[in-house]
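J.: Input model-v2.cif, format and content: mmCIF, C-alpha atoms.
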```cif
data_coords
#
loop_
_atom_site.group_PDB
_atom_site.id
_atom_site.type_symbol
_atom_site.label_atom_id
_atom_site.label_comp_id
_atom_site.auth_asym_id
_atom_site.auth_seq_id
_atom_site.Cartn_x
_atom_site.Cartn_y
_atom_site.Cartn_z
ATOM 1 C CA MET U 1 0.000 0.000 0.000
ATOM 2 C CA LEU U 2 2.785 2.380 0.957
ATOM 3 C CA PHE U 3 4.916 1.923 -2.136
ATOM 4 C CA SER U 4 2.368 1.613 -4.894
ATOM 5 C CA PRO U 5 3.155 3.800 -7.886
ATOM 6 C CA GLY U 6 0.889 6.373 -9.481
ATOM 7 C CA TRP U 7 -0.411 9.333 -7.573
ATOM 8 C CA ARG U 8 2.391 9.199 -5.020
ATOM 9 C CA ALA U 9 5.100 9.522 -7.635
ATOM 10 C CA PRO U 10 5.993 13.189 -6.870
ATOM 11 C CA VAL U 11 7.385 12.113 -3.475
ATOM 12 C CA ARG U 12 10.339 9.733 -3.565
ATOM 13 C CA GLN U 13 9.492 6.302 -2.256
ATOM 14 C CA GLY U 14 12.770 6.091 -0.340
ATOM 15 C CA GLU U 15 11.780 9.237 1.515
ATOM 16 C CA VAL U 16 8.390 7.739 2.320
ATOM 17 C CA LEU U 17 10.135 4.627 3.658
ATOM 18 C CA ALA U 18 12.467 6.702 5.837
ATOM 19 C CA VAL U 19 9.643 8.735 7.376
ATOM 20 C CA PHE U 20 7.510 5.612 7.802
ATOM 21 C CA THR U 21 10.422 3.873 9.564
ATOM 22 C CA LEU U 22 10.878 6.834 11.884
ATOM 23 C CA GLY U 23 7.210 6.596 12.811
ATOM 24 C CA LEU U 24 7.493 2.859 13.456
ATOM 25 C CA LEU U 25 10.496 3.299 15.742
ATOM 26 C CA ALA U 26 8.792 6.105 17.677
ATOM 27 C CA GLY U 27 5.585 4.100 18.023
ATOM 28 C CA GLY U 28 7.488 1.066 19.299
ATOM 29 C CA ALA U 29 9.403 3.235 21.771
ATOM 30 C CA LEU U 30 6.176 4.780 23.099
ATOM 31 C CA SER U 31 4.471 1.424 23.662
ATOM 32 C CA ALA U 32 7.587 0.034 25.322
ATOM 33 C CA THR U 33 7.790 3.055 27.623
ATOM 34 C CA VAL U 34 4.180 2.527 28.683
ATOM 35 C CA ILE U 35 4.895 -1.182 29.274
ATOM 36 C CA TRP U 36 7.968 -0.296 31.330
ATOM 37 C CA LEU U 37 5.938 2.116 33.470
ATOM 38 C CA LEU U 38 3.263 -0.534 34.025
ATOM 39 C CA SER U 39 5.785 -3.311 34.658
ATOM 40 C CA GLY U 40 6.417 -1.975 38.153
ATOM 41 C CA LEU U 41 2.947 -3.224 39.074
ATOM 42 C CA ALA U 42 4.089 -6.809 38.430
ATOM 43 C CA GLU U 43 7.088 -6.556 40.699
ATOM 44 C CA PRO U 44 5.296 -7.634 43.926
ATOM 45 C CA LEU U 45 4.677 -11.047 42.333
ATOM 46 C CA PRO U 46 7.380 -13.617 43.128
ATOM 47 C CA GLU U 47 9.986 -13.864 40.374
ATOM 48 C CA ARG U 48 9.356 -17.588 39.907
ATOM 49 C CA VAL U 49 5.664 -16.950 39.249
ATOM 50 C CA ARG U 50 6.416 -14.198 36.742
ATOM 51 C CA THR U 51 8.998 -16.315 34.928
ATOM 52 C CA ALA U 52 6.646 -19.297 34.783
ATOM 53 C CA ALA U 53 3.891 -17.063 33.390
ATOM 54 C CA ILE U 54 6.192 -15.696 30.663
ATOM 55 C CA VAL U 55 7.336 -19.173 29.604
ATOM 56 C CA LEU U 56 3.736 -20.418 29.670
ATOM 57 C CA VAL U 57 2.535 -17.550 27.473
ATOM 58 C CA ALA U 58 5.449 -18.133 25.061
ATOM 59 C CA ALA U 59 4.554 -21.850 24.914
ATOM 60 C CA LEU U 60 0.924 -20.967 24.207
ATOM 61 C CA GLY U 61 2.190 -18.719 21.413
ATOM 62 C CA VAL U 62 4.047 -21.665 19.882
ATOM 63 C CA ALA U 63 0.971 -23.894 20.186
ATOM 64 C CA ARG U 64 -1.144 -21.243 18.490
ATOM 65 C CA GLU U 65 1.272 -20.615 15.627
ATOM 66 C CA LEU U 66 1.692 -24.354 14.977
ATOM 67 C CA GLY U 67 -2.084 -24.783 14.861
ATOM 68 C CA TRP U 68 -2.350 -26.922 17.983
ATOM 69 C CA LEU U 69 -4.549 -24.418 19.810
ATOM 70 C CA ALA U 70 -7.038 -21.872 18.521
ATOM 71 C CA ILE U 71 -6.519 -18.818 20.704
ATOM 72 C CA PRO U 72 -8.210 -15.580 19.617
ATOM 73 C CA LEU U 73 -5.924 -12.572 19.864
ATOM 74 C CA PRO U 74 -7.140 -9.400 21.597
ATOM 75 C CA GLN U 75 -6.145 -7.304 18.592
ATOM 76 C CA ASN U 76 -7.610 -4.023 17.455
ATOM 77 C CA ALA U 77 -9.264 -5.507 14.362
ATOM 78 C CA ARG U 78 -9.126 -2.493 12.119
ATOM 79 C CA GLN U 79 -6.871 -1.127 9.441
ATOM 80 C CA ILE U 80 -5.349 2.296 9.770
ATOM 81 C CA PRO U 81 -7.481 4.438 7.424
ATOM 82 C CA GLN U 82 -5.793 4.981 4.064
ATOM 83 C CA GLU U 83 -6.896 8.612 4.247
ATOM 84 C CA VAL U 84 -3.869 9.347 6.448
ATOM 85 C CA LEU U 85 -1.737 8.869 3.310
ATOM 86 C CA GLN U 86 -3.947 10.758 0.926
ATOM 87 C CA PHE U 87 -3.175 14.425 1.409
ATOM 88 C CA ARG U 88 0.143 14.960 3.167
ATOM 89 C CA LEU U 89 2.252 11.968 2.264
ATOM 90 C CA ARG U 90 5.245 12.636 4.511
ATOM 91 C CA ARG U 91 3.188 13.476 7.571
ATOM 92 C CA GLY U 92 0.743 10.702 6.726
ATOM 93 C CA SER U 93 3.545 8.135 6.427
ATOM 94 C CA LEU U 94 4.903 9.245 9.794
ATOM 95 C CA GLN U 95 1.456 8.872 11.374
ATOM 96 C CA PHE U 96 0.859 5.566 9.602
ATOM 97 C CA GLY U 97 4.196 4.224 10.832
ATOM 98 C CA PHE U 98 3.660 5.550 14.341
ATOM 99 C CA GLU U 99 0.253 3.911 14.644
ATOM 100 C CA MET U 100 1.627 0.614 13.335
ATOM 101 C CA GLY U 101 4.654 0.875 15.605
ATOM 102 C CA THR U 102 2.551 1.197 18.738
ATOM 103 C CA GLY U 103 1.042 -2.204 17.965
ATOM 104 C CA VAL U 104 -2.327 -1.212 19.395
ATOM 105 C CA ARG U 105 -3.919 0.752 16.564
ATOM 106 C CA THR U 106 -4.280 -2.008 13.995
ATOM 107 C CA TYR U 107 -4.181 -5.756 13.437
ATOM 108 C CA VAL U 108 -1.533 -7.715 15.340
ATOM 109 C CA SER U 109 -2.014 -11.115 13.791
ATOM 110 C CA ALA U 110 0.933 -13.061 15.252
ATOM 111 C CA SER U 111 1.432 -14.367 18.798
ATOM 112 C CA SER U 112 4.990 -13.132 19.306
ATOM 113 C CA PRO U 113 4.183 -9.422 19.847
ATOM 114 C CA TYR U 114 1.860 -10.429 22.695
ATOM 115 C CA VAL U 115 4.565 -12.636 24.194
ATOM 116 C CA LEU U 116 6.997 -9.731 23.894
ATOM 117 C CA ALA U 117 4.622 -7.288 25.578
ATOM 118 C CA LEU U 118 3.674 -9.669 28.391
ATOM 119 C CA GLY U 119 7.292 -10.732 28.807
ATOM 120 C CA LEU U 120 8.453 -7.140 29.233
ATOM 121 C CA LEU U 121 5.533 -6.369 31.513
ATOM 122 C CA LEU U 122 6.085 -9.352 33.810
ATOM 123 C CA SER U 123 9.876 -9.512 33.817
ATOM 124 C CA HIS U 124 10.191 -5.818 34.741
ATOM 125 C CA GLN U 125 13.316 -5.105 32.718
ATOM 126 C CA GLY U 126 15.217 -1.862 33.022
ATOM 127 C CA PRO U 127 14.129 1.109 30.912
ATOM 128 C CA VAL U 128 16.947 0.646 28.382
ATOM 129 C CA ALA U 129 16.157 -3.014 27.668
ATOM 130 C CA CYS U 130 12.440 -2.288 27.502
ATOM 131 C CA VAL U 131 12.634 0.736 25.201
ATOM 132 C CA LEU U 132 15.245 -0.928 22.977
ATOM 133 C CA ALA U 133 12.958 -3.947 22.598
ATOM 134 C CA GLY U 134 10.144 -1.584 21.577
ATOM 135 C CA VAL U 135 12.351 0.260 19.105
ATOM 136 C CA ALA U 136 13.488 -3.112 17.731
ATOM 137 C CA PHE U 137 9.833 -4.106 17.340
ATOM 138 C CA GLY U 138 9.313 -1.035 15.178
ATOM 139 C CA GLY U 139 12.564 -1.838 13.380
ATOM 140 C CA GLY U 140 11.357 -5.365 12.644
ATOM 141 C CA ARG U 141 8.188 -4.009 11.097
ATOM 142 C CA ALA U 142 10.219 -1.460 9.150
ATOM 143 C CA LEU U 143 12.582 -4.158 7.887
ATOM 144 C CA SER U 144 9.675 -6.003 6.362
ATOM 145 C CA SER U 145 8.586 -2.867 4.480
ATOM 146 C CA ALA U 146 12.162 -2.062 3.462
ATOM 147 C CA LEU U 147 12.676 -5.527 2.003
ATOM 148 C CA THR U 148 9.443 -5.147 0.056
ATOM 149 C CA PHE U 149 10.692 -1.810 -1.245
ATOM 150 C CA TRP U 150 14.095 -3.177 -2.231
ATOM 151 C CA ALA U 151 12.716 -6.384 -3.746
ATOM 152 C CA ARG U 152 10.867 -4.491 -6.526
ATOM 153 C CA ASP U 153 8.890 -7.670 -7.014
ATOM 154 C CA PRO U 154 5.274 -7.425 -8.203
ATOM 155 C CA ASP U 155 4.633 -10.844 -6.647
ATOM 156 C CA ARG U 156 6.064 -9.861 -3.272
ATOM 157 C CA ASP U 157 2.740 -10.147 -1.417
ATOM 158 C CA ALA U 158 2.332 -13.723 -2.621
ATOM 159 C CA ALA U 159 5.935 -14.557 -1.644
ATOM 160 C CA ILE U 160 5.411 -13.185 1.864
ATOM 161 C CA GLY U 161 2.022 -14.879 2.171
ATOM 162 C CA ALA U 162 3.526 -18.254 1.284
ATOM 163 C CA ARG U 163 6.226 -17.869 3.948
ATOM 164 C CA MET U 164 4.102 -16.395 6.744
ATOM 165 C CA PRO U 165 3.436 -19.731 8.519
ATOM 166 C CA TRP U 166 7.220 -20.319 8.581
ATOM 167 C CA ILE U 167 7.951 -16.789 9.746
ATOM 168 C CA THR U 168 5.399 -16.788 12.581
ATOM 169 C CA GLY U 169 6.148 -20.404 13.573
ATOM 170 C CA THR U 170 9.923 -19.960 13.658
ATOM 171 C CA THR U 171 9.550 -16.690 15.518
ATOM 172 C CA ALA U 172 7.297 -18.214 18.181
ATOM 173 C CA VAL U 173 9.626 -21.181 18.741
ATOM 174 C CA THR U 174 12.663 -18.886 18.905
ATOM 175 C CA VAL U 175 11.003 -16.537 21.372
ATOM 176 C CA LEU U 176 10.124 -19.486 23.612
ATOM 177 C CA ALA U 177 13.669 -20.886 23.403
ATOM 178 C CA ALA U 178 15.393 -17.535 23.937
ATOM 179 C CA LEU U 179 13.218 -16.369 26.831
ATOM 180 C CA SER U 180 13.328 -19.793 28.524
ATOM 181 C CA SER U 181 17.099 -19.815 28.249
ATOM 182 C CA LEU U 182 17.429 -16.226 29.450
ATOM 183 C CA LEU U 183 15.020 -16.457 32.383
ATOM 184 C CA LEU U 184 15.388 -20.058 33.542
ATOM 185 C CA LEU U 185 19.042 -20.986 33.040
ATOM 186 C CA MET Z 1 25.850 -23.719 -13.450
ATOM 187 C CA PRO Z 2 22.975 -21.211 -13.566
ATOM 188 C CA GLN Z 3 23.891 -17.551 -14.040
ATOM 189 C CA LEU Z 4 23.406 -15.330 -10.981
ATOM 190 C CA THR Z 5 21.403 -12.453 -12.444
ATOM 191 C CA ALA Z 6 20.698 -9.160 -10.674
ATOM 192 C CA GLY Z 7 17.058 -10.160 -10.308
ATOM 193 C CA ARG Z 8 17.908 -13.464 -8.676
ATOM 194 C CA LEU Z 9 20.478 -11.851 -6.414
ATOM 195 C CA ARG Z 10 17.972 -9.199 -5.363
ATOM 196 C CA ARG Z 11 15.338 -11.846 -4.707
ATOM 197 C CA GLY Z 12 17.789 -13.851 -2.620
ATOM 198 C CA LEU Z 13 18.918 -10.883 -0.541
ATOM 199 C CA THR Z 14 15.344 -9.793 0.135
ATOM 200 C CA GLU Z 15 14.108 -13.291 0.964
ATOM 201 C CA PRO Z 16 11.696 -12.856 3.921
ATOM 202 C CA LEU Z 17 13.044 -15.879 5.798
ATOM 203 C CA LEU Z 18 16.590 -14.499 5.866
ATOM 204 C CA PRO Z 19 16.000 -11.875 8.617
ATOM 205 C CA VAL Z 20 14.097 -14.473 10.644
ATOM 206 C CA ALA Z 21 17.080 -16.836 10.576
ATOM 207 C CA VAL Z 22 19.566 -14.080 11.474
ATOM 208 C CA LEU Z 23 17.424 -12.632 14.276
ATOM 209 C CA ALA Z 24 16.597 -16.097 15.650
ATOM 210 C CA LEU Z 25 20.297 -16.949 15.890
ATOM 211 C CA LEU Z 26 20.993 -13.588 17.502
ATOM 212 C CA ALA Z 27 18.203 -14.016 20.085
ATOM 213 C CA VAL Z 28 19.264 -17.528 21.087
ATOM 214 C CA ALA Z 29 22.955 -16.631 21.169
ATOM 215 C CA ALA Z 30 22.277 -13.521 23.254
ATOM 216 C CA ALA Z 31 20.180 -15.575 25.685
ATOM 217 C CA ALA Z 32 22.930 -18.181 25.980
ATOM 218 C CA LEU Z 33 25.460 -15.437 26.704
ATOM 219 C CA ASP Z 34 23.137 -13.789 29.235
ATOM 220 C CA ALA Z 35 23.131 -10.631 27.122
ATOM 221 C CA THR Z 36 19.722 -9.537 28.384
ATOM 222 C CA VAL Z 37 19.339 -6.258 26.486
ATOM 223 C CA LEU Z 38 20.440 -7.779 23.166
ATOM 224 C CA CYS Z 39 18.181 -10.782 23.673
ATOM 225 C CA TRP Z 40 15.094 -8.633 24.299
ATOM 226 C CA ALA Z 41 15.988 -6.422 21.339
ATOM 227 C CA ALA Z 42 16.305 -9.462 19.045
ATOM 228 C CA VAL Z 43 12.998 -10.826 20.348
ATOM 229 C CA GLY Z 44 11.449 -7.410 19.720
ATOM 230 C CA ALA Z 45 12.717 -7.302 16.151
ATOM 231 C CA LEU Z 46 11.475 -10.835 15.522
ATOM 232 C CA ALA Z 47 8.049 -9.954 16.919
ATOM 233 C CA GLY Z 48 7.869 -6.913 14.653
ATOM 234 C CA PHE Z 49 9.004 -8.853 11.608
ATOM 235 C CA ALA Z 50 6.429 -11.574 12.346
ATOM 236 C CA LEU Z 51 3.801 -8.994 11.406
ATOM 237 C CA SER Z 52 5.079 -8.822 7.814
ATOM 238 C CA GLY Z 53 2.266 -8.176 5.412
ATOM 239 C CA SER Z 54 -0.058 -7.026 8.186
ATOM 240 C CA VAL Z 55 -1.326 -3.425 8.202
#
```
Could you quickly redo this structure as structure tokens?
T.:
Amino acid sequence: MLFSPGWRAPVRQGEVLAVFTLGLLAGGALSATVIWLLSGLAEPLPERVRTAAIVLVAALGVARELGWLAIPLPQNARQIPQEVLQFRLRRGSLQFGFEMGTGVRTYVSASSPYVLALGLLLSHQGPVACVLAGVAFGGGRALSSALTFWARDPDRDAAIGARMPWITGTTAVTVLAALSSLLLL
Amino acid sequence: MPQLTAGRLRRGLTEPLLPVAVLALLAVAAAALDATVLCWAAVGALAGFALSGSV
């Protein structure tokens, strides 16, 4: 949607990508800051309980992505209105990226972002780790758009669609393995 | 041996599974090394990339 040709041609697509990425990073940082502020509320819980809850949620994420369990996600089931890109493309791209980066203004169709959010909330990391994880979340979303931009492939959507089960499945398993290793060992 | 054209090279470098493999290795390695901040950052990037194609 962001890089389709035609009426957006007067503004360079690379510029749109840069502004969009900036919005994604800022949105991720904001959400992570809110999570960090809220994570203090989890601190009274014993560490063992919090760790067990994180590993359990990550395991549920794996089960969901591999199709073993049907767990509905509490996502905001709406798309960001395309009107934000219609009049002021630079500002609209920034807003579009920011809303996507927060992870609460549109669809979040994979389990891993929920595991990330709950993991940060329950493990009560320091502000640097928490905000960097949020910025990296925005960066991960931006990387996907950047690869689409660089691929210049008209069949890109189909290529991504075919690999999505692998991407979400591998991600869920990795998140479970990494967080288990980090928090348990 | 097939010729490596610019199109094929571009397709290979922008393969969507490539960042997943790199970030997965980074997350697991960081966890094994107790590099907490790097591990959470890699998990964050993976979680963001897992939303590829979603708007």
J.: Since I can't run it myself right now, could you work out what the PyMOL selection byres ((chain Z) within 7 of (chain U)) selects here and report it as an MDAnalysis selection string?
T.: chainID Z and resid 10:11 14 16:17 20 24 27:28 31:32 34 37 40:41 43:55
J.: Need to verify the contact set: Ala42 in chain U, 8 Å, only C-alpha atoms, exclusion of same-chain residues closer than 2 positions in sequence. Can you return it as a list in words?
T.: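 In the requested format, the answer is Leu38, Ser39, Gly40, Pro44, Leu45, Arg50, Leu121, Leu122, Ser123 and His124 of chain U.
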J.: Give me a file of those residues, with C-alpha atoms, as a PDB file, keeping the file's coordinate frame.
T.:
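Output contents, as saved in part-v9.pdb:
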```pdb
ATOM      1  CA  LEU U  38       3.263  -0.534  34.025  1.00  0.00           C
ATOM      2  CA  SER U  39       5.785  -3.311  34.658  1.00  0.00           C
ATOM      3  CA  GLY U  40       6.417  -1.975  38.153  1.00  0.00           C
ATOM      4  CA  PRO U  44       5.296  -7.634  43.926  1.00  0.00           C
ATOM      5  CA  LEU U  45       4.677 -11.047  42.333  1.00  0.00           C
ATOM      6  CA  ARG U  50       6.416 -14.198  36.742  1.00  0.00           C
ATOM      7  CA  LEU U 121       5.533  -6.369  31.513  1.00  0.00           C
ATOM      8  CA  LEU U 122       6.085  -9.352  33.810  1.00  0.00           C
ATOM      9  CA  SER U 123       9.876  -9.512  33.817  1.00  0.00           C
ATOM     10  CA  HIS U 124      10.191  -5.818  34.741  1.00  0.00           C
TER      11      HIS U 124
END
```
J.: Find the smallest box with edges along x, y and z containing every listed atom of range 5-23 of chain Z, then add 3 Å on each side and report centre and edge lengths in Å to one decimal, as lines of an AutoDock Vina configuration file.
T.:
```
center_x = 16.5
center_y = -13.0
center_z = 0.9
size_x = 15.7
size_y = 13.7
size_z = 32.7
```
J.: Which is closest to Ser31 in chain U among U:Val57, U:Phe98, U:Glu15, U:Trp68, if we use all atoms listed in the file?
T.: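 With all atoms listed in the file as the atom set, the closest residue is U:Phe98.
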J.: If I take CA of Ser93 in chain U and CA of Val19 in chain U, how far is one from the other in Å, to one decimal?
T.: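 We find that CA of Ser93 in chain U and CA of Val19 in chain U lie 6.2 Å from each other.
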